[in-house]
>>> print(open('entry35.txt').read())   # compact mmCIF, C-alpha atoms
# COMPACT_ATOMS: atom_id res chain seq x y z
CA MET A 1 0.00 0.00 0.00
CA LYS A 2 1.16 3.51 -0.82
CA THR A 3 0.15 6.88 0.58
CA GLU A 4 0.88 10.54 -0.04
CA ALA A 5 3.10 12.51 2.32
CA ALA A 6 4.71 15.95 2.56
CA LEU A 7 8.37 15.09 3.20
CA LEU A 8 11.29 17.07 4.52
CA VAL A 9 14.17 16.14 2.21
CA ALA A 10 16.60 18.86 3.32
CA THR A 11 16.44 21.63 5.89
CA GLY A 12 15.65 25.02 4.44
CA LYS A 13 14.29 23.46 1.25
CA PRO A 14 10.71 23.10 0.01
CA LEU A 15 8.72 20.13 1.24
CA VAL A 16 8.25 17.38 -1.33
CA LEU A 17 4.84 15.83 -1.93
CA ALA A 18 5.60 12.16 -2.51
CA GLU A 19 4.06 8.72 -2.70
CA ILE A 20 5.62 6.53 -0.03
CA GLU A 21 5.26 2.80 0.50
CA ILE A 22 3.82 1.68 3.84
CA PRO A 23 5.69 -1.24 5.43
CA ALA A 24 4.11 -4.21 7.22
CA LEU A 25 3.16 -3.42 10.79
CA LYS A 26 5.49 -4.48 13.57
CA PRO A 27 4.17 -5.55 16.98
CA GLY A 28 2.69 -2.53 18.76
CA GLN A 29 2.16 -0.50 15.60
CA VAL A 30 -1.13 0.83 14.23
CA LEU A 31 -2.06 1.97 10.72
CA VAL A 32 -4.15 5.16 10.85
CA GLU A 33 -5.99 6.92 8.03
CA ILE A 34 -5.45 10.56 8.92
CA ALA A 35 -8.37 12.99 8.80
CA PHE A 36 -6.69 16.16 10.08
CA SER A 37 -3.19 17.22 11.03
CA GLY A 38 -2.11 20.22 13.02
CA ALA A 39 1.21 22.00 12.66
CA CYS A 40 3.45 23.25 15.47
CA GLY A 41 6.44 25.52 15.84
CA THR A 42 8.52 22.36 16.15
CA GLN A 43 7.81 21.54 12.51
CA VAL A 44 8.73 25.09 11.52
CA MET A 45 12.06 24.65 13.32
CA GLU A 46 12.69 21.28 11.64
CA TRP A 47 11.86 22.71 8.22
CA ARG A 48 14.08 25.78 8.68
CA GLY A 49 16.93 23.86 10.30
CA ASP A 50 16.64 25.74 13.59
CA LYS A 51 17.13 22.51 15.54
CA GLY A 52 20.59 21.99 14.10
CA GLU A 53 21.82 19.24 11.80
CA ASP A 54 19.05 16.86 10.77
CA LYS A 55 20.53 13.37 10.51
CA TRP A 56 17.21 11.74 9.59
CA VAL A 57 16.32 13.34 6.24
CA PRO A 58 14.40 12.48 4.23
CA HIS A 59 11.71 12.07 6.88
CA CYS A 60 8.04 12.51 7.59
CA LEU A 61 6.75 15.46 9.62
CA GLY A 62 3.93 16.27 12.03
CA HIS A 63 3.13 15.16 15.55
CA GLU A 64 -0.52 16.01 16.16
CA GLY A 65 -3.58 14.78 14.30
CA THR A 66 -6.76 12.74 14.25
CA GLY A 67 -7.80 9.78 12.18
CA THR A 68 -9.35 6.34 11.97
CA VAL A 69 -7.62 3.08 12.82
CA LEU A 70 -7.42 0.78 9.78
CA GLU A 71 -5.23 -2.04 11.07
CA THR A 72 -3.37 -3.05 14.22
CA GLY A 73 -0.17 -4.98 14.67
CA ILE A 74 0.38 -7.90 17.00
CA ALA A 75 -0.17 -7.23 20.73
CA VAL A 76 -2.04 -3.94 20.25
CA SER A 77 -4.92 -3.80 22.74
CA LYS A 78 -5.61 -0.09 23.23
CA VAL A 79 -7.36 0.54 19.90
CA LYS A 80 -9.09 -1.48 17.20
CA PRO A 81 -10.02 -0.96 13.53
CA GLY A 82 -12.71 1.67 13.15
CA ASP A 83 -11.74 3.64 16.26
CA LYS A 84 -11.43 7.42 15.94
CA VAL A 85 -8.14 8.43 17.53
CA VAL A 86 -6.02 11.39 18.52
CA MET A 87 -2.38 11.12 17.47
CA SER A 88 0.11 12.79 19.81
CA TRP A 89 3.86 12.99 20.30
CA ILE A 90 3.26 12.70 24.05
CA ARG A 91 3.64 9.10 25.17
CA GLY A 92 0.69 7.45 26.87
CA ASN A 93 -0.23 3.91 27.85
CA GLY A 94 0.46 1.10 25.40
CA ILE A 95 3.41 -0.34 23.54
CA GLU A 96 6.34 1.88 22.59
CA ALA A 97 6.96 0.43 19.14
CA GLY A 98 9.41 3.08 18.00
CA GLY A 99 9.52 4.66 14.58
CA THR A 100 9.08 3.19 11.13
CA VAL A 101 10.79 3.38 7.76
CA TYR A 102 8.85 4.00 4.56
CA LYS A 103 10.20 3.66 1.02
CA TRP A 104 10.20 6.32 -1.68
CA GLU A 105 11.76 5.89 -5.09
CA GLY A 106 14.19 3.34 -3.71
CA LYS A 107 15.19 5.51 -0.76
CA LYS A 108 14.40 5.11 2.91
CA VAL A 109 12.12 7.67 4.53
CA ASN A 110 12.41 7.87 8.30
CA ALA A 111 9.57 8.51 10.71
CA GLY A 112 9.23 8.67 14.48
CA GLY A 113 6.60 7.03 16.64
CA VAL A 114 3.98 9.37 15.18
CA THR A 115 3.86 11.50 12.02
CA THR A 116 0.88 13.30 10.51
CA PHE A 117 1.79 15.20 7.33
CA GLN A 118 0.49 12.27 5.29
CA ARG A 119 -2.76 10.52 4.41
CA HIS A 120 -1.89 7.29 6.22
CA ALA A 121 0.66 6.74 8.96
CA VAL A 122 2.15 3.89 10.97
CA VAL A 123 1.91 4.97 14.60
CA SER A 124 3.17 3.50 17.86
CA GLU A 125 0.29 2.32 20.07
CA ASN A 126 1.31 4.59 22.95
CA ARG A 127 0.90 7.72 20.79
CA LEU A 128 -2.83 7.08 20.34
CA ILE A 129 -5.90 7.76 22.44
CA LEU A 130 -9.58 7.64 21.56
CA VAL A 131 -11.17 10.92 20.51
CA PRO A 132 -13.25 12.14 23.48
CA GLU A 133 -16.95 11.60 22.94
CA GLY A 134 -18.68 14.53 21.25
CA LEU A 135 -15.48 16.36 20.27
CA PRO A 136 -15.26 17.04 16.50
CA MET A 137 -12.26 15.50 14.74
CA ASP A 138 -10.87 18.86 13.63
CA VAL A 139 -10.98 20.39 17.12
CA ALA A 140 -9.59 17.17 18.62
CA VAL A 141 -6.34 17.82 16.70
CA LEU A 142 -5.50 20.32 19.45
CA LEU A 143 -5.23 17.39 21.89
CA GLY A 144 -2.19 16.14 19.98
CA CYS A 145 0.08 18.93 21.19
CA ALA A 146 -1.27 22.46 21.72
CA ALA A 147 -3.84 21.68 24.43
CA PRO A 148 -1.86 19.21 26.58
CA THR A 149 1.26 21.38 26.41
CA GLY A 150 -0.46 24.71 27.11
CA MET A 151 -3.22 23.51 29.44
CA GLY A 152 -0.89 21.03 31.10
CA ALA A 153 1.62 23.77 31.90
CA VAL A 154 -1.17 25.65 33.69
CA TYR A 155 -2.86 22.75 35.48
CA ASN A 156 -0.12 20.17 35.99
CA VAL A 157 3.00 22.32 36.40
CA LEU A 158 1.90 25.70 37.76
CA LYS A 159 -1.32 24.38 39.34
CA VAL A 160 -3.12 27.70 38.87
CA GLN A 161 -5.69 28.58 41.53
CA PRO A 162 -8.63 31.03 41.40
CA GLY A 163 -7.34 34.58 41.81
CA ASP A 164 -3.76 33.84 40.72
CA SER A 165 -2.30 36.45 38.41
CA VAL A 166 -0.92 34.88 35.23
CA ALA A 167 0.98 36.10 32.17
CA VAL A 168 1.51 34.10 29.00
CA PHE A 169 4.50 35.16 26.90
CA GLY A 170 3.84 34.13 23.28
CA THR A 171 0.22 33.63 22.29
CA GLY A 172 0.47 31.16 19.43
CA GLY A 173 -1.47 27.89 19.52
CA ILE A 174 0.13 26.59 22.72
CA GLY A 175 0.05 29.97 24.46
CA LEU A 176 -3.64 30.41 23.61
CA ASN A 177 -4.43 27.06 25.18
CA ALA A 178 -2.55 28.19 28.28
CA LEU A 179 -4.59 31.41 28.33
CA MET A 180 -7.84 29.46 28.08
CA ALA A 181 -6.78 27.14 30.89
CA ALA A 182 -5.81 30.02 33.16
CA ALA A 183 -9.11 31.81 32.52
CA LEU A 184 -11.11 28.62 33.11
CA ALA A 185 -9.23 28.11 36.40
CA GLY A 186 -10.32 31.55 37.59
CA ALA A 187 -7.00 33.36 37.27
CA MET A 188 -7.18 37.17 37.44
CA PRO A 189 -5.72 39.02 35.71
CA VAL A 190 -4.67 36.94 32.70
CA ILE A 191 -2.13 38.80 30.58
CA GLY A 192 -1.13 37.92 27.01
CA VAL A 193 2.25 39.17 25.77
CA ASP A 194 3.02 39.00 22.05
CA PRO A 195 4.49 41.38 19.44
CA ASN A 196 2.12 40.10 16.73
CA PRO A 197 -1.15 42.08 16.58
CA THR A 198 -3.09 39.10 15.19
CA ARG A 199 -2.02 36.96 18.11
CA ARG A 200 -2.80 39.71 20.61
CA ALA A 201 -6.30 39.93 19.15
CA LEU A 202 -6.66 36.16 19.51
CA ALA A 203 -5.45 36.38 23.10
CA LYS A 204 -8.41 38.62 23.94
CA LEU A 205 -10.76 36.01 22.49
CA TYR A 206 -9.20 33.22 24.52
CA GLY A 207 -9.25 34.60 28.03
CA ALA A 208 -6.73 37.45 28.28
CA THR A 209 -7.98 40.34 30.40
CA HIS A 210 -5.00 42.43 29.22
CA VAL A 211 -2.60 42.24 26.26
CA ILE A 212 0.86 43.76 25.95
CA ASP A 213 2.96 44.48 22.86
CA PRO A 214 6.56 43.83 23.99
CA SER A 215 7.93 45.55 20.89
CA ALA A 216 6.42 48.85 22.09
CA GLY A 217 8.25 48.95 25.41
CA ASP A 218 9.40 47.04 28.48
CA ALA A 219 7.00 44.10 28.88
CA VAL A 220 7.98 43.49 32.51
CA ALA A 221 7.37 47.13 33.40
CA GLU A 222 3.99 47.01 31.66
CA ILE A 223 3.04 43.88 33.59
CA LYS A 224 3.95 45.58 36.87
CA LYS A 225 1.66 48.47 36.00
CA ILE A 226 -1.15 45.88 36.10
CA VAL A 227 0.19 43.80 39.03
CA PRO A 228 2.66 46.02 40.92
CA GLN A 229 4.16 43.24 43.04
CA GLY A 230 4.68 41.02 39.99
CA ILE A 231 2.55 38.18 38.72
CA ASP A 232 2.15 34.92 40.59
CA LEU A 233 2.74 32.70 37.57
CA ALA A 234 4.16 32.97 34.05
CA VAL A 235 4.07 30.71 31.01
CA GLU A 236 6.77 31.21 28.38
CA SER A 237 5.87 29.79 24.98
CA SER A 238 7.91 31.89 22.54
CA GLY A 239 11.16 29.92 22.60
CA VAL A 240 13.19 33.16 22.81
CA PRO A 241 15.80 33.15 25.63
CA MET A 242 15.35 36.87 26.30
CA VAL A 243 11.63 36.25 26.83
CA MET A 244 12.38 33.38 29.22
CA ASP A 245 14.37 35.88 31.28
CA GLN A 246 11.48 38.35 31.16
CA ALA A 247 9.00 35.68 32.26
CA VAL A 248 10.81 34.85 35.50
CA ASN A 249 11.60 38.52 36.17
CA ALA A 250 7.93 39.41 35.82
CA THR A 251 6.95 37.11 38.70
CA ARG A 252 6.63 38.22 42.29
CA GLN A 253 9.22 37.67 44.99
CA GLN A 254 8.74 34.83 47.49
CA GLY A 255 6.90 32.28 45.42
CA GLY A 256 6.63 33.54 41.84
CA ARG A 257 7.00 30.73 39.30
CA ALA A 258 7.61 30.65 35.56
CA VAL A 259 7.49 27.61 33.28
CA VAL A 260 9.27 27.44 29.92
CA ILE A 261 7.42 25.65 27.11
CA GLY A 262 9.00 27.28 24.06
CA ASN A 263 11.78 25.57 22.11
CA ALA A 264 14.85 27.74 21.58
CA LYS A 265 16.94 27.51 18.43
CA PHE A 266 19.88 25.10 18.40
CA GLY A 267 22.90 26.65 20.12
CA ALA A 268 20.92 29.33 21.97
CA THR A 269 21.80 30.05 25.59
CA LEU A 270 19.90 31.62 28.46
CA SER A 271 21.57 34.12 30.79
CA LEU A 272 19.87 34.86 34.11
CA ASN A 273 20.68 37.10 37.04
CA PRO A 274 20.99 34.55 39.87
CA ALA A 275 19.35 37.05 42.21
CA VAL A 276 15.97 35.84 40.94
CA PHE A 277 16.52 32.63 42.90
CA ASN A 278 17.54 34.52 46.06
CA GLN A 279 14.26 36.41 45.68
CA GLY A 280 12.40 33.14 45.99
CA LYS A 281 11.39 32.82 42.35
CA SER A 282 11.41 29.54 40.41
CA LEU A 283 12.08 28.80 36.74
CA LEU A 284 10.61 25.46 35.68
CA GLY A 285 10.71 23.24 32.64
CA THR A 286 8.15 20.81 31.29
CA TRP A 287 7.78 17.96 28.80
CA GLY A 288 4.43 18.39 27.09
CA GLY A 289 2.88 20.18 30.04
CA ASP A 290 3.62 17.13 32.21
CA SER A 291 0.49 15.69 30.61
CA LEU A 292 -0.42 12.01 30.65
CA PRO A 293 -2.74 11.38 27.69
CA ASP A 294 -4.79 8.63 29.31
CA ARG A 295 -5.32 10.76 32.41
CA ASP A 296 -5.61 14.26 30.93
CA PHE A 297 -6.91 14.20 27.36
CA GLY A 298 -10.50 13.49 28.35
CA ARG A 299 -10.46 16.47 30.71
CA PHE A 300 -8.82 18.76 28.16
CA GLY A 301 -11.28 17.57 25.52
CA ARG A 302 -14.22 18.53 27.76
CA LEU A 303 -12.73 22.00 28.20
CA LEU A 304 -12.24 22.41 24.45
CA GLY A 305 -15.81 21.28 23.84
CA SER A 306 -17.36 23.34 26.63
CA GLY A 307 -18.34 26.26 24.40
CA ARG A 308 -16.70 28.76 26.75
CA PHE A 309 -14.33 29.89 24.02
CA PRO A 310 -14.59 29.92 20.19
CA VAL A 311 -12.06 27.10 19.88
CA ARG A 312 -12.65 26.53 16.17
CA ASP A 313 -11.53 30.10 15.49
CA LEU A 314 -8.10 29.18 16.86
CA LEU A 315 -7.74 26.78 13.94
CA SER A 316 -6.94 28.13 10.50
CA THR A 317 -8.99 27.85 7.39
CA PRO A 318 -8.04 24.31 6.33
CA TYR A 319 -5.02 23.70 4.11
CA SER A 320 -4.67 20.73 1.80
CA LEU A 321 -1.74 18.36 2.22
CA ALA A 322 -0.17 19.96 -0.86
CA GLN A 323 -0.27 23.27 1.06
CA ALA A 324 1.59 21.93 4.10
CA GLU A 325 4.57 24.17 3.45
CA GLN A 326 2.29 27.19 3.16
CA ALA A 327 0.81 26.21 6.52
CA LEU A 328 4.30 26.29 8.04
CA GLN A 329 5.06 29.64 6.41
CA ASP A 330 1.86 31.17 7.76
CA LEU A 331 2.51 29.77 11.22
CA ALA A 332 6.07 31.11 11.22
CA VAL A 333 4.92 34.70 10.64
CA GLY A 334 2.00 34.47 13.06
CA LYS A 335 -0.67 34.68 10.39
CA VAL A 336 -2.66 31.83 11.97
CA GLY A 337 -3.14 30.54 15.52
CA ARG A 338 -2.89 26.85 14.64
CA PRO A 339 -2.75 25.53 11.08
CA LEU A 340 -5.18 22.74 10.22
CA ILE A 341 -4.41 20.38 7.33
CA ASP A 342 -7.53 18.61 6.02
CA MET A 343 -6.69 15.38 4.21
CA SER A 344 -10.04 15.40 2.37
CA LEU A 345 -8.94 18.45 0.38
CA ARG A 346 -7.19 17.90 -2.92
>>> encode(input="entry35.txt", output="structure tokens")
Amino acid sequence: MKTEAALLVATGKPLVLAEIEIPALKPGQVLVEIAFSGACGTQVMEWRGDKGEDKWVPHCLGHEGTGTVLETGIAVSKVKPGDKVVMSWIRGNGIEAGGTVYKWEGKKVNAGGVTTFQRHAVVSENRLILVPEGLPMDVAVLLGCAAPTGMGAVYNVLKVQPGDSVAVFGTGGIGLNALMAAALAGAMPVIGVDPNPTRRALAKLYGATHVIDPSAGDAVAEIKKIVPQGIDLAVESSGVPMVMDQAVNATRQQGGRAVVIGNAKFGATLSLNPAVFNQGKSLLGTWGGDSLPDRDFGRFGRLLGSGRFPVRDLLSTPYSLAQAEQALQDLAVGKVGRPLIDMSLR
């Protein structure tokens, strides 16, 4: 069986739309017919080469999507043919079957445990979870990465409480999910910080009580005009080291905490004044919002489907698979909140 995929053949070069040959399933692997794929800043970094040398090209891309199970390999028990599933890079319960290797014009095409810029994909069992009941397949794409990373940072890492003051630095897809989570938890105020006017406008739709343009002045000073003692909690989702420094400096003394979600470019370094630690502030890291798919995705799905926020507006007008590179371009310049690739489009 063959399928169509948008491949990365070299960093900094156009994606190649290719027909790849699907191998036989190994134990713990699942064949999924993909309905929708999202796109994340991670794919932008891979495509541009911002993550450094890519030893795996040519390879498949994408780590969040939804689809239907077509076939399961030996020992798979979590899903069965016909199931509607979320595909996520975050490991959950089930077999870790590793990546797979497709074939294309006599060459090997590498893929990790989950890839989604293609019409069909071989996925490791532990990267799948059933779509929560009642959640549309397009919206459920957010459960693959944006929601568990952003919401998880708020609920699992920072453990936001009603009345906490929160700032989110970088209001792309992940940052917007963090804003929604903070607002739903009863945080006040909720501040969105982003130089892109489109993203600041989105931040207002997704729970921000205030927005700040950091390109117009000192973002930390502006935050302290709103919360003079400094905010209780900060989420950094820009991937810019200078912004990571701003996030921890914007928090209050004696208990302020900041969590870094954003991925910095390869070779970047972060310089901090160590006095922030003597002031009782904490700078935290996270892996996917410390989310456990089998524990958290149902909860996050209920929040996405609650109707409290216009979640569908976070997603772009759908792109076709042939437009995957355009989706990455638009994401890179902040033209869209979260690109959505619809495999039914030709």
>>> residues_around(input="entry35.txt", residues="region 331-346 of chain A", least_positions_apart="5", cutoff="10 Å", atoms="all atoms listed in the file", output="number ranges by chain")
A: 4, 33-41, 43-45, 48, 65, 67, 116-120, 138-139, 141-142, 146, 171-176, 195-199, 202-203, 312-326
>>> axis_aligned_box(input="entry35.txt", around="region 226-230 of chain A", padding_each_side="6 Å", output="AutoDock Vina command-line options")
--center_x 1.8 --center_y 43.5 --center_z 39.6 --size_x 17.8 --size_y 17.0 --size_z 18.9
>>> closest_residue(input="entry35.txt", among="A:Gly288, A:Pro241, A:Gly12, A:Pro274", to="Cys145 (chain A)", atoms="only C-alpha atoms")
A:Gly288
>>> atom_distance(input="entry35.txt", atom1="CA of Thr66 (chain A)", atom2="CA of Val85 (chain A)")
5.6 Å
>>> residues_around(input="entry35.txt", residues="region 212-218 of chain A", least_positions_apart="5", cutoff="10 Å", atoms="only C-alpha atoms", output="ChimeraX atom specification")
/A:167,169,191-197,200,223,243,246
>>> closest_residue(input="entry35.txt", among="A:Gly262, A:Gly256, A:Gly92, A:Pro189", to="Lys78 (chain A)", atoms="all atoms listed in the file")
A:Gly92
>>> atom_distance(input="entry35.txt", atom1="CA of Asn263 (chain A)", atom2="CA of Val157 (chain A)")
17.1 Å
>>> residues_near_point(input="entry35.txt", point="(7.0, 15.8, 6.0)", cutoff="6 Å", atoms="all atoms listed in the file", output="ChimeraX atom specification")
/A:6-8,60-61,117
>>> atom_distance(input="entry35.txt", atom1="CA of Ala250 (chain A)", atom2="CA of Val220 (chain A)")
5.3 Å
